[in-house]
$ cat start.pdb   # PDB, N, CA and C atoms
ATOM      1  N   MET C 402       0.813  -1.182   0.000
ATOM      2  CA  MET C 402       0.000   0.000   0.000
ATOM      3  C   MET C 402       0.863   1.254   0.000
ATOM      4  N   PHE C 403       1.963   1.208   0.764
ATOM      5  CA  PHE C 403       2.855   2.366   0.772
ATOM      6  C   PHE C 403       3.411   2.623  -0.623
ATOM      7  N   VAL C 404       3.800   1.583  -1.314
ATOM      8  CA  VAL C 404       4.397   1.747  -2.639
ATOM      9  C   VAL C 404       3.409   2.404  -3.584
ATOM     10  N   VAL C 405       2.162   1.956  -3.555
ATOM     11  CA  VAL C 405       1.166   2.511  -4.463
ATOM     12  C   VAL C 405       0.914   3.979  -4.171
ATOM     13  N   THR C 406       1.016   4.390  -2.907
ATOM     14  CA  THR C 406       0.734   5.790  -2.588
ATOM     15  C   THR C 406       1.917   6.718  -2.810
ATOM     16  N   VAL C 407       3.118   6.180  -3.045
ATOM     17  CA  VAL C 407       4.267   7.067  -3.224
ATOM     18  C   VAL C 407       4.895   7.012  -4.617
ATOM     19  N   ILE C 408       4.497   6.058  -5.471
ATOM     20  CA  ILE C 408       5.112   6.008  -6.794
ATOM     21  C   ILE C 408       4.702   7.224  -7.614
ATOM     22  N   PRO C 409       5.628   7.781  -8.376
ATOM     23  CA  PRO C 409       5.270   8.922  -9.220
ATOM     24  C   PRO C 409       4.458   8.444 -10.418
ATOM     25  N   LEU C 410       3.430   9.179 -10.754
ATOM     26  CA  LEU C 410       2.594   8.812 -11.882
ATOM     27  C   LEU C 410       2.784   9.768 -13.047
ATOM     28  N   GLY C 411       3.926  10.441 -13.104
ATOM     29  CA  GLY C 411       4.218  11.311 -14.229
ATOM     30  C   GLY C 411       4.397  10.478 -15.494
ATOM     31  N   GLY C 412       4.236  11.083 -16.607
ATOM     32  CA  GLY C 412       4.405  10.377 -17.863
ATOM     33  C   GLY C 412       3.088   9.860 -18.416
ATOM     34  N   LEU C 413       2.026   9.912 -17.626
ATOM     35  CA  LEU C 413       0.718   9.548 -18.153
ATOM     36  C   LEU C 413       0.236  10.688 -19.044
ATOM     37  N   SER C 414      -0.593  10.361 -20.003
ATOM     38  CA  SER C 414      -1.067  11.410 -20.896
ATOM     39  C   SER C 414      -1.981  12.396 -20.166
ATOM     40  N   THR C 415      -2.584  11.977 -19.076
ATOM     41  CA  THR C 415      -3.397  12.869 -18.261
ATOM     42  C   THR C 415      -3.090  12.613 -16.795
ATOM     43  N   SER C 416      -3.201  13.608 -15.995
ATOM     44  CA  SER C 416      -2.907  13.484 -14.576
ATOM     45  C   SER C 416      -4.162  13.051 -13.827
ATOM     46  N   LEU C 417      -3.975  12.193 -12.831
ATOM     47  CA  LEU C 417      -5.118  11.774 -12.027
ATOM     48  C   LEU C 417      -5.693  12.944 -11.246
ATOM     49  N   SER C 418      -4.868  13.948 -10.956
ATOM     50  CA  SER C 418      -5.383  15.101 -10.242
ATOM     51  C   SER C 418      -6.182  16.033 -11.138
ATOM     52  N   ASP C 419      -6.156  15.785 -12.441
ATOM     53  CA  ASP C 419      -6.959  16.581 -13.369
ATOM     54  C   ASP C 419      -8.241  15.869 -13.782
ATOM     55  N   THR C 420      -8.443  14.638 -13.320
ATOM     56  CA  THR C 420      -9.602  13.838 -13.687
ATOM     57  C   THR C 420     -10.555  13.791 -12.498
ATOM     58  N   SER C 421     -11.841  14.056 -12.732
ATOM     59  CA  SER C 421     -12.820  14.075 -11.646
ATOM     60  C   SER C 421     -13.893  13.028 -11.867
ATOM     61  N   VAL C 422     -14.377  12.483 -10.758
ATOM     62  CA  VAL C 422     -15.515  11.572 -10.749
ATOM     63  C   VAL C 422     -16.432  12.074  -9.651
ATOM     64  N   TRP C 423     -17.676  12.375  -9.975
ATOM     65  CA  TRP C 423     -18.629  12.925  -9.008
ATOM     66  C   TRP C 423     -18.058  14.156  -8.316
ATOM     67  N   HIS C 424     -17.402  15.005  -9.043
ATOM     68  CA  HIS C 424     -16.802  16.241  -8.543
ATOM     69  C   HIS C 424     -15.682  16.002  -7.529
ATOM     70  N   LEU C 425     -15.159  14.797  -7.501
ATOM     71  CA  LEU C 425     -13.984  14.478  -6.686
ATOM     72  C   LEU C 425     -12.851  14.123  -7.625
ATOM     73  N   ARG C 426     -11.653  14.553  -7.278
ATOM     74  CA  ARG C 426     -10.515  14.172  -8.105
ATOM     75  C   ARG C 426     -10.333  12.672  -8.024
ATOM     76  N   LEU C 427     -10.036  12.054  -9.145
ATOM     77  CA  LEU C 427      -9.899  10.608  -9.222
ATOM     78  C   LEU C 427      -8.817  10.091  -8.279
ATOM     79  N   ASP C 428      -7.764  10.851  -8.063
ATOM     80  CA  ASP C 428      -6.713  10.353  -7.188
ATOM     81  C   ASP C 428      -7.191  10.230  -5.743
ATOM     82  N   TYR C 429      -8.160  11.053  -5.310
ATOM     83  CA  TYR C 429      -8.693  10.905  -3.949
ATOM     84  C   TYR C 429      -9.432   9.576  -3.819
ATOM     85  N   LEU C 430     -10.201   9.229  -4.836
ATOM     86  CA  LEU C 430     -10.916   7.949  -4.817
ATOM     87  C   LEU C 430      -9.942   6.773  -4.861
ATOM     88  N   LEU C 431      -8.878   6.925  -5.626
ATOM     89  CA  LEU C 431      -7.898   5.847  -5.699
ATOM     90  C   LEU C 431      -7.184   5.649  -4.368
ATOM     91  N   HIS C 432      -6.943   6.723  -3.637
ATOM     92  CA  HIS C 432      -6.344   6.587  -2.308
ATOM     93  C   HIS C 432      -7.250   5.737  -1.420
ATOM     94  N   ALA C 433      -8.541   5.986  -1.479
ATOM     95  CA  ALA C 433      -9.484   5.203  -0.680
ATOM     96  C   ALA C 433      -9.492   3.739  -1.125
ATOM     97  N   LEU C 434      -9.472   3.504  -2.422
ATOM     98  CA  LEU C 434      -9.497   2.124  -2.927
ATOM     99  C   LEU C 434      -8.253   1.337  -2.543
ATOM    100  N   VAL C 435      -7.112   2.016  -2.454
ATOM    101  CA  VAL C 435      -5.877   1.326  -2.076
ATOM    102  C   VAL C 435      -5.977   0.778  -0.657
ATOM    103  N   PHE C 436      -6.597   1.534   0.247
ATOM    104  CA  PHE C 436      -6.673   1.115   1.644
ATOM    105  C   PHE C 436      -7.946   0.347   1.979
ATOM    106  N   LEU C 437      -8.862   0.226   1.042
ATOM    107  CA  LEU C 437     -10.116  -0.488   1.278
ATOM    108  C   LEU C 437      -9.926  -1.940   1.715
ATOM    109  N   PRO C 438      -9.018  -2.704   1.116
ATOM    110  CA  PRO C 438      -8.885  -4.110   1.515
ATOM    111  C   PRO C 438      -8.089  -4.337   2.803
ATOM    112  N   LEU C 439      -7.528  -3.286   3.386
ATOM    113  CA  LEU C 439      -6.669  -3.462   4.560
ATOM    114  C   LEU C 439      -7.393  -4.152   5.716
ATOM    115  N   VAL C 440      -8.522  -3.632   6.134
ATOM    116  CA  VAL C 440      -9.249  -4.193   7.278
ATOM    117  C   VAL C 440      -9.759  -5.608   6.985
ATOM    118  N   PRO C 441     -10.428  -5.849   5.842
ATOM    119  CA  PRO C 441     -10.903  -7.219   5.604
ATOM    120  C   PRO C 441      -9.767  -8.248   5.542
ATOM    121  N   LEU C 442      -8.680  -7.905   4.863
ATOM    122  CA  LEU C 442      -7.578  -8.867   4.769
ATOM    123  C   LEU C 442      -6.956  -9.140   6.127
ATOM    124  N   TRP C 443      -6.794  -8.096   6.917
ATOM    125  CA  TRP C 443      -6.211  -8.248   8.249
ATOM    126  C   TRP C 443      -7.126  -9.096   9.135
ATOM    127  N   LYS C 444      -8.422  -8.784   9.139
ATOM    128  CA  LYS C 444      -9.360  -9.508   9.996
ATOM    129  C   LYS C 444      -9.519 -10.957   9.551
ATOM    130  N   LEU C 445      -9.488 -11.200   8.259
ATOM    131  CA  LEU C 445      -9.624 -12.578   7.767
ATOM    132  C   LEU C 445      -8.389 -13.411   8.063
ATOM    133  N   THR C 446      -7.221 -12.783   8.115
ATOM    134  CA  THR C 446      -6.004 -13.541   8.410
ATOM    135  C   THR C 446      -5.712 -13.607   9.904
ATOM    136  N   LYS C 447      -6.221 -12.660  10.663
ATOM    137  CA  LYS C 447      -6.022 -12.621  12.120
ATOM    138  C   LYS C 447      -7.382 -12.460  12.804
ATOM    139  N   PRO C 448      -8.237 -13.479  12.767
ATOM    140  CA  PRO C 448      -9.603 -13.323  13.277
ATOM    141  C   PRO C 448      -9.679 -13.049  14.778
ATOM    142  N   HIS C 449      -8.638 -13.374  15.517
ATOM    143  CA  HIS C 449      -8.662 -13.135  16.958
ATOM    144  C   HIS C 449      -8.396 -11.676  17.327
ATOM    145  N   HIS C 450      -7.914 -10.871  16.379
ATOM    146  CA  HIS C 450      -7.705  -9.448  16.647
ATOM    147  C   HIS C 450      -9.054  -8.741  16.660
ATOM    148  N   PRO C 451      -9.301  -7.880  17.647
ATOM    149  CA  PRO C 451     -10.583  -7.160  17.686
ATOM    150  C   PRO C 451     -10.710  -6.204  16.496
ATOM    151  N   LEU C 452     -11.908  -6.129  15.961
ATOM    152  CA  LEU C 452     -12.149  -5.310  14.773
ATOM    153  C   LEU C 452     -11.851  -3.837  15.036
ATOM    154  N   TRP C 453     -12.204  -3.321  16.203
ATOM    155  CA  TRP C 453     -11.959  -1.909  16.503
ATOM    156  C   TRP C 453     -10.463  -1.587  16.446
ATOM    157  N   LEU C 454      -9.635  -2.543  16.913
ATOM    158  CA  LEU C 454      -8.189  -2.330  16.891
ATOM    159  C   LEU C 454      -7.657  -2.339  15.458
ATOM    160  N   ILE C 455      -8.169  -3.236  14.642
ATOM    161  CA  ILE C 455      -7.745  -3.309  13.246
ATOM    162  C   ILE C 455      -8.113  -2.028  12.506
ATOM    163  N   VAL C 456      -9.318  -1.521  12.741
ATOM    164  CA  VAL C 456      -9.746  -0.281  12.085
ATOM    165  C   VAL C 456      -8.871   0.880  12.547
ATOM    166  N   ALA C 457      -8.607   0.958  13.859
ATOM    167  CA  ALA C 457      -7.771   2.047  14.383
ATOM    168  C   ALA C 457      -6.354   1.974  13.821
ATOM    169  N   LEU C 458      -5.771   0.784  13.825
ATOM    170  CA  LEU C 458      -4.417   0.630  13.279
ATOM    171  C   LEU C 458      -4.397   0.849  11.771
ATOM    172  N   GLY C 459      -5.464   0.445  11.090
ATOM    173  CA  GLY C 459      -5.570   0.697   9.656
ATOM    174  C   GLY C 459      -5.587   2.180   9.350
ATOM    175  N   ALA C 460      -6.307   2.945  10.167
ATOM    176  CA  ALA C 460      -6.337   4.408   9.984
ATOM    177  C   ALA C 460      -4.965   5.008  10.264
ATOM    178  N   ILE C 461      -4.252   4.458  11.248
ATOM    179  CA  ILE C 461      -2.905   4.946  11.547
ATOM    180  C   ILE C 461      -1.953   4.642  10.393
ATOM    181  N   VAL C 462      -2.045   3.449   9.836
ATOM    182  CA  VAL C 462      -1.208   3.082   8.678
ATOM    183  C   VAL C 462      -1.541   3.996   7.496
ATOM    184  N   ALA C 463      -2.828   4.247   7.282
ATOM    185  CA  ALA C 463      -3.252   5.122   6.188
ATOM    186  C   ALA C 463      -2.706   6.531   6.384
ATOM    187  N   ALA C 464      -2.741   7.023   7.611
ATOM    188  CA  ALA C 464      -2.195   8.363   7.896
ATOM    189  C   ALA C 464      -0.681   8.377   7.721
ATOM    190  N   ALA C 465      -0.020   7.327   8.178
ATOM    191  CA  ALA C 465       1.445   7.257   8.045
ATOM    192  C   ALA C 465       1.861   7.254   6.578
ATOM    193  N   ALA C 466       1.083   6.601   5.735
ATOM    194  CA  ALA C 466       1.410   6.573   4.305
ATOM    195  C   ALA C 466       1.394   7.980   3.721
ATOM    196  N   GLU C 467       0.391   8.772   4.084
ATOM    197  CA  GLU C 467       0.321  10.131   3.547
ATOM    198  C   GLU C 467       1.365  11.034   4.200
ATOM    199  N   LEU C 468       1.583  10.874   5.486
ATOM    200  CA  LEU C 468       2.584  11.692   6.163
ATOM    201  C   LEU C 468       3.994  11.406   5.648
ATOM    202  N   SER C 469       4.216  10.189   5.147
ATOM    203  CA  SER C 469       5.536   9.864   4.602
ATOM    204  C   SER C 469       5.872  10.731   3.391
ATOM    205  N   HIS C 470       4.860  11.310   2.769
ATOM    206  CA  HIS C 470       5.091  12.167   1.602
ATOM    207  C   HIS C 470       5.857  13.434   1.967
ATOM    208  N   CYS C 471       5.859  13.784   3.245
ATOM    209  CA  CYS C 471       6.615  14.970   3.689
ATOM    210  C   CYS C 471       8.116  14.787   3.481
ATOM    211  N   TRP C 472       8.577  13.543   3.423
ATOM    212  CA  TRP C 472      10.012  13.264   3.301
ATOM    213  C   TRP C 472      10.391  12.700   1.942
ATOM    214  N   ILE C 473       9.455  12.645   1.014
ATOM    215  CA  ILE C 473       9.737  12.145  -0.335
ATOM    216  C   ILE C 473       9.749  13.356  -1.265
ATOM    217  N   PRO C 474      10.900  13.623  -1.898
ATOM    218  CA  PRO C 474      11.046  14.870  -2.661
ATOM    219  C   PRO C 474       9.998  15.078  -3.767
ATOM    220  N   TYR C 475       9.582  14.050  -4.439
ATOM    221  CA  TYR C 475       8.661  14.228  -5.566
ATOM    222  C   TYR C 475       7.194  14.098  -5.150
ATOM    223  N   ARG C 476       6.915  13.949  -3.868
ATOM    224  CA  ARG C 476       5.543  13.868  -3.381
ATOM    225  C   ARG C 476       5.290  15.006  -2.411
ATOM    226  N   GLY C 477       4.052  15.284  -2.152
ATOM    227  CA  GLY C 477       3.691  16.324  -1.190
ATOM    228  C   GLY C 477       2.503  15.872  -0.363
ATOM    229  N   PHE C 478       2.434  16.352   0.861
ATOM    230  CA  PHE C 478       1.322  16.033   1.744
ATOM    231  C   PHE C 478       0.060  16.711   1.235
ATOM    232  N   ASN C 479      -1.056  15.973   1.243
ATOM    233  CA  ASN C 479      -2.337  16.519   0.824
ATOM    234  C   ASN C 479      -3.386  16.018   1.807
ATOM    235  N   ILE C 480      -4.086  16.927   2.450
ATOM    236  CA  ILE C 480      -5.082  16.557   3.459
ATOM    237  C   ILE C 480      -6.220  15.729   2.854
ATOM    238  N   ASN C 481      -6.551  15.982   1.590
ATOM    239  CA  ASN C 481      -7.606  15.208   0.939
ATOM    240  C   ASN C 481      -7.148  13.770   0.665
ATOM    241  N   ASP C 482      -5.884  13.597   0.326
ATOM    242  CA  ASP C 482      -5.348  12.243   0.177
ATOM    243  C   ASP C 482      -5.378  11.518   1.523
ATOM    244  N   LEU C 483      -5.037  12.234   2.585
ATOM    245  CA  LEU C 483      -5.088  11.663   3.930
ATOM    246  C   LEU C 483      -6.508  11.207   4.259
ATOM    247  N   ALA C 484      -7.484  12.053   3.961
ATOM    248  CA  ALA C 484      -8.886  11.699   4.205
ATOM    249  C   ALA C 484      -9.290  10.484   3.375
ATOM    250  N   GLY C 485      -8.846  10.429   2.127
ATOM    251  CA  GLY C 485      -9.145   9.268   1.279
ATOM    252  C   GLY C 485      -8.528   8.001   1.826
ATOM    253  N   ASN C 486      -7.282   8.073   2.278
ATOM    254  CA  ASN C 486      -6.621   6.900   2.859
ATOM    255  C   ASN C 486      -7.388   6.385   4.068
ATOM    256  N   ILE C 487      -7.708   7.294   4.977
ATOM    257  CA  ILE C 487      -8.402   6.888   6.205
ATOM    258  C   ILE C 487      -9.812   6.397   5.888
ATOM    259  N   LEU C 488     -10.496   7.065   4.971
ATOM    260  CA  LEU C 488     -11.835   6.621   4.576
ATOM    261  C   LEU C 488     -11.791   5.210   4.013
ATOM    262  N   GLY C 489     -10.803   4.930   3.193
ATOM    263  CA  GLY C 489     -10.671   3.582   2.635
ATOM    264  C   GLY C 489     -10.461   2.535   3.717
ATOM    265  N   ALA C 490      -9.611   2.852   4.691
ATOM    266  CA  ALA C 490      -9.363   1.904   5.781
ATOM    267  C   ALA C 490     -10.630   1.682   6.597
ATOM    268  N   VAL C 491     -11.355   2.749   6.882
ATOM    269  CA  VAL C 491     -12.582   2.622   7.684
ATOM    270  C   VAL C 491     -13.672   1.894   6.900
ATOM    271  N   MET C 492     -13.797   2.198   5.612
ATOM    272  CA  MET C 492     -14.830   1.550   4.793
ATOM    273  C   MET C 492     -14.526   0.077   4.525
ATOM    274  N   GLY C 493     -13.338  -0.349   4.905
ATOM    275  CA  GLY C 493     -13.034  -1.776   4.827
ATOM    276  C   GLY C 493     -13.862  -2.598   5.799
ATOM    277  N   THR C 494     -14.390  -1.967   6.850
ATOM    278  CA  THR C 494     -15.198  -2.691   7.832
ATOM    279  C   THR C 494     -16.478  -3.245   7.216
ATOM    280  N   PRO C 495     -17.305  -2.430   6.533
ATOM    281  CA  PRO C 495     -18.481  -3.027   5.893
ATOM    282  C   PRO C 495     -18.096  -4.041   4.815
ATOM    283  N   LEU C 496     -16.969  -3.822   4.163
ATOM    284  CA  LEU C 496     -16.513  -4.791   3.172
ATOM    285  C   LEU C 496     -16.200  -6.127   3.836
ATOM    286  N   TYR C 497     -15.582  -6.079   5.010
ATOM    287  CA  TYR C 497     -15.303  -7.308   5.762
ATOM    288  C   TYR C 497     -16.603  -8.052   6.076
ATOM    289  N   PHE C 498     -17.623  -7.342   6.576
ATOM    290  CA  PHE C 498     -18.891  -7.998   6.909
ATOM    291  C   PHE C 498     -19.587  -8.547   5.669
ATOM    292  N   PHE C 499     -19.447  -7.851   4.554
ATOM    293  CA  PHE C 499     -20.017  -8.359   3.306
ATOM    294  C   PHE C 499     -19.330  -9.661   2.887
ATOM    295  N   VAL C 500     -18.003  -9.659   2.914
ATOM    296  CA  VAL C 500     -17.249 -10.869   2.531
ATOM    297  C   VAL C 500     -17.601 -12.017   3.463
ATOM    298  N   LYS C 501     -17.710 -11.748   4.766
ATOM    299  CA  LYS C 501     -18.059 -12.785   5.736
ATOM    300  C   LYS C 501     -19.465 -13.320   5.508
ATOM    301  N   SER C 502     -20.391 -12.464   5.054
ATOM    302  CA  SER C 502     -21.757 -12.939   4.807
ATOM    303  C   SER C 502     -21.825 -13.796   3.553
ATOM    304  N   VAL C 503     -21.007 -13.470   2.584
ATOM    305  CA  VAL C 503     -21.002 -14.239   1.334
ATOM    306  C   VAL C 503     -20.214 -15.539   1.498
ATOM    307  N   PHE C 504     -19.109 -15.490   2.235
ATOM    308  CA  PHE C 504     -18.243 -16.651   2.456
ATOM    309  C   PHE C 504     -18.079 -16.886   3.962
ATOM    310  N   PRO C 505     -19.088 -17.465   4.629
ATOM    311  CA  PRO C 505     -19.034 -17.590   6.090
ATOM    312  C   PRO C 505     -17.902 -18.476   6.610
ATOM    313  N   ASN C 506     -17.418 -19.405   5.818
ATOM    314  CA  ASN C 506     -16.355 -20.308   6.265
ATOM    315  C   ASN C 506     -15.001 -19.943   5.686
ATOM    316  N   LEU C 507     -14.816 -18.677   5.368
ATOM    317  CA  LEU C 507     -13.587 -18.252   4.720
ATOM    318  C   LEU C 507     -12.358 -18.476   5.590
ATOM    319  N   HIS C 508     -12.457 -18.261   6.868
ATOM    320  CA  HIS C 508     -11.337 -18.534   7.767
ATOM    321  C   HIS C 508     -11.854 -19.329   8.953
ATOM    322  N   ARG C 509     -10.948 -20.033   9.531
ATOM    323  CA  ARG C 509     -11.280 -20.802  10.738
ATOM    324  C   ARG C 509     -10.300 -20.433  11.814
ATOM    325  N   SER C 510     -10.811 -20.191  13.005
ATOM    326  CA  SER C 510      -9.950 -19.797  14.133
ATOM    327  C   SER C 510      -9.211 -20.979  14.704
TER
END
$ encode --input "start.pdb" --output "structure tokens"
Amino acid sequence: MFVVTVIPLGGLSTSLSDTSVWHLRLDYLLHALVFLPLVPLWKLTKPHHPLWLIVALGAIVAAAAELSHCWIPYRGFNINDLAGNILGAVMGTPLYFFVKSVFPNLHRS
């Protein structure tokens, strides 16, 4: 997830920051999508970890990814990217419950 949030995307014919979906820049949505699977994957592989802790740590990881941009010369900190990262991590919770409802025996403790 860190790699995806820090790789330079220059050289594309159009910039993700110039593309909008529902009046949101596409890169904000992509930040959320990158962190969306964090909570479900973590909870499915470590079912004994409490969900609240996974969500909290997921939000911390998402924030750390954006804050790391302060030390990467070709990247910059953006509060909207931070919000997208954290939103993706938090929205992983309903995704986890959806996956569990569709595949109830996906993991065994």
$ atom_distance --input "start.pdb" --atom1 "CA of Ala457 (chain C)" --atom2 "CA of Thr494 (chain C)"
11.0 Å
$ residues_around --input "start.pdb" --residues "Leu488 (chain C)" --least-positions-apart "4" --cutoff "7 Å" --atoms "all atoms listed in the file" --output "short mmCIF file (atom, residue, chain, number, x, y, z; two decimals) with N, CA and C atoms, in the frame of the given file"
data_model
loop_
_atom_site.label_atom_id
_atom_site.label_comp_id
_atom_site.auth_asym_id
_atom_site.auth_seq_id
_atom_site.Cartn_x
_atom_site.Cartn_y
_atom_site.Cartn_z
N ALA C 433 -8.54 5.99 -1.48
CA ALA C 433 -9.48 5.20 -0.68
C ALA C 433 -9.49 3.74 -1.12
N PHE C 436 -6.60 1.53 0.25
CA PHE C 436 -6.67 1.12 1.64
C PHE C 436 -7.95 0.35 1.98
N LEU C 437 -8.86 0.23 1.04
CA LEU C 437 -10.12 -0.49 1.28
C LEU C 437 -9.93 -1.94 1.72
N LEU C 483 -5.04 12.23 2.58
CA LEU C 483 -5.09 11.66 3.93
C LEU C 483 -6.51 11.21 4.26
N ALA C 484 -7.48 12.05 3.96
CA ALA C 484 -8.89 11.70 4.20
C ALA C 484 -9.29 10.48 3.38
N MET C 492 -13.80 2.20 5.61
CA MET C 492 -14.83 1.55 4.79
C MET C 492 -14.53 0.08 4.53
N GLY C 493 -13.34 -0.35 4.90
CA GLY C 493 -13.03 -1.78 4.83
C GLY C 493 -13.86 -2.60 5.80
#
$ residues_near_point --input "start.pdb" --point "(-0.3, 6.9, 9.1)" --cutoff "12 Å" --atoms "only C-alpha atoms" --output "ChimeraX atom specification"
/C:402-403,406,436,457-471,478,482-484,486-487,490
$ axis_aligned_box --input "start.pdb" --around "region 490-506 of chain C" --padding-each-side "4 Å" --output "lines of an AutoDock Vina configuration file"
center_x = -15.6
center_y = -8.7
center_z = 4.6
size_x = 20.5
size_y = 31.2
size_z = 14.5
$ closest_residue --input "start.pdb" --among "C:Trp472, C:Gly489, C:Lys447, C:Trp453" --to "Val435 (chain C)" --atoms "all atoms listed in the file"
C:Gly489
$ atom_distance --input "start.pdb" --atom1 "atom C of Leu496 (chain C)" --atom2 "CA of Pro441 (chain C)"
5.7 Å
$ atom_distance --input "start.pdb" --atom1 "CA of Pro505 (chain C)" --atom2 "atom C of His432 (chain C)"
27.2 Å
$ closest_residue --input "start.pdb" --among "C:Arg426, C:Lys444, C:Leu434, C:Gly485" --to "Tyr497 (chain C)" --atoms "only N, CA and C atoms"
C:Lys444
$ closest_residue --input "start.pdb" --among "C:Leu445, C:Leu431, C:Ile455, C:Val491" --to "Leu507 (chain C)" --atoms "all atoms listed in the file"
C:Leu445
$ select_by_dssp --input "start.pdb" --residues "region 419-471 of chain C" --states "helix (DSSP H, G or I)" --output "NGL selection string"
:C and (419 or 427-436 or 439-446 or 452-471)
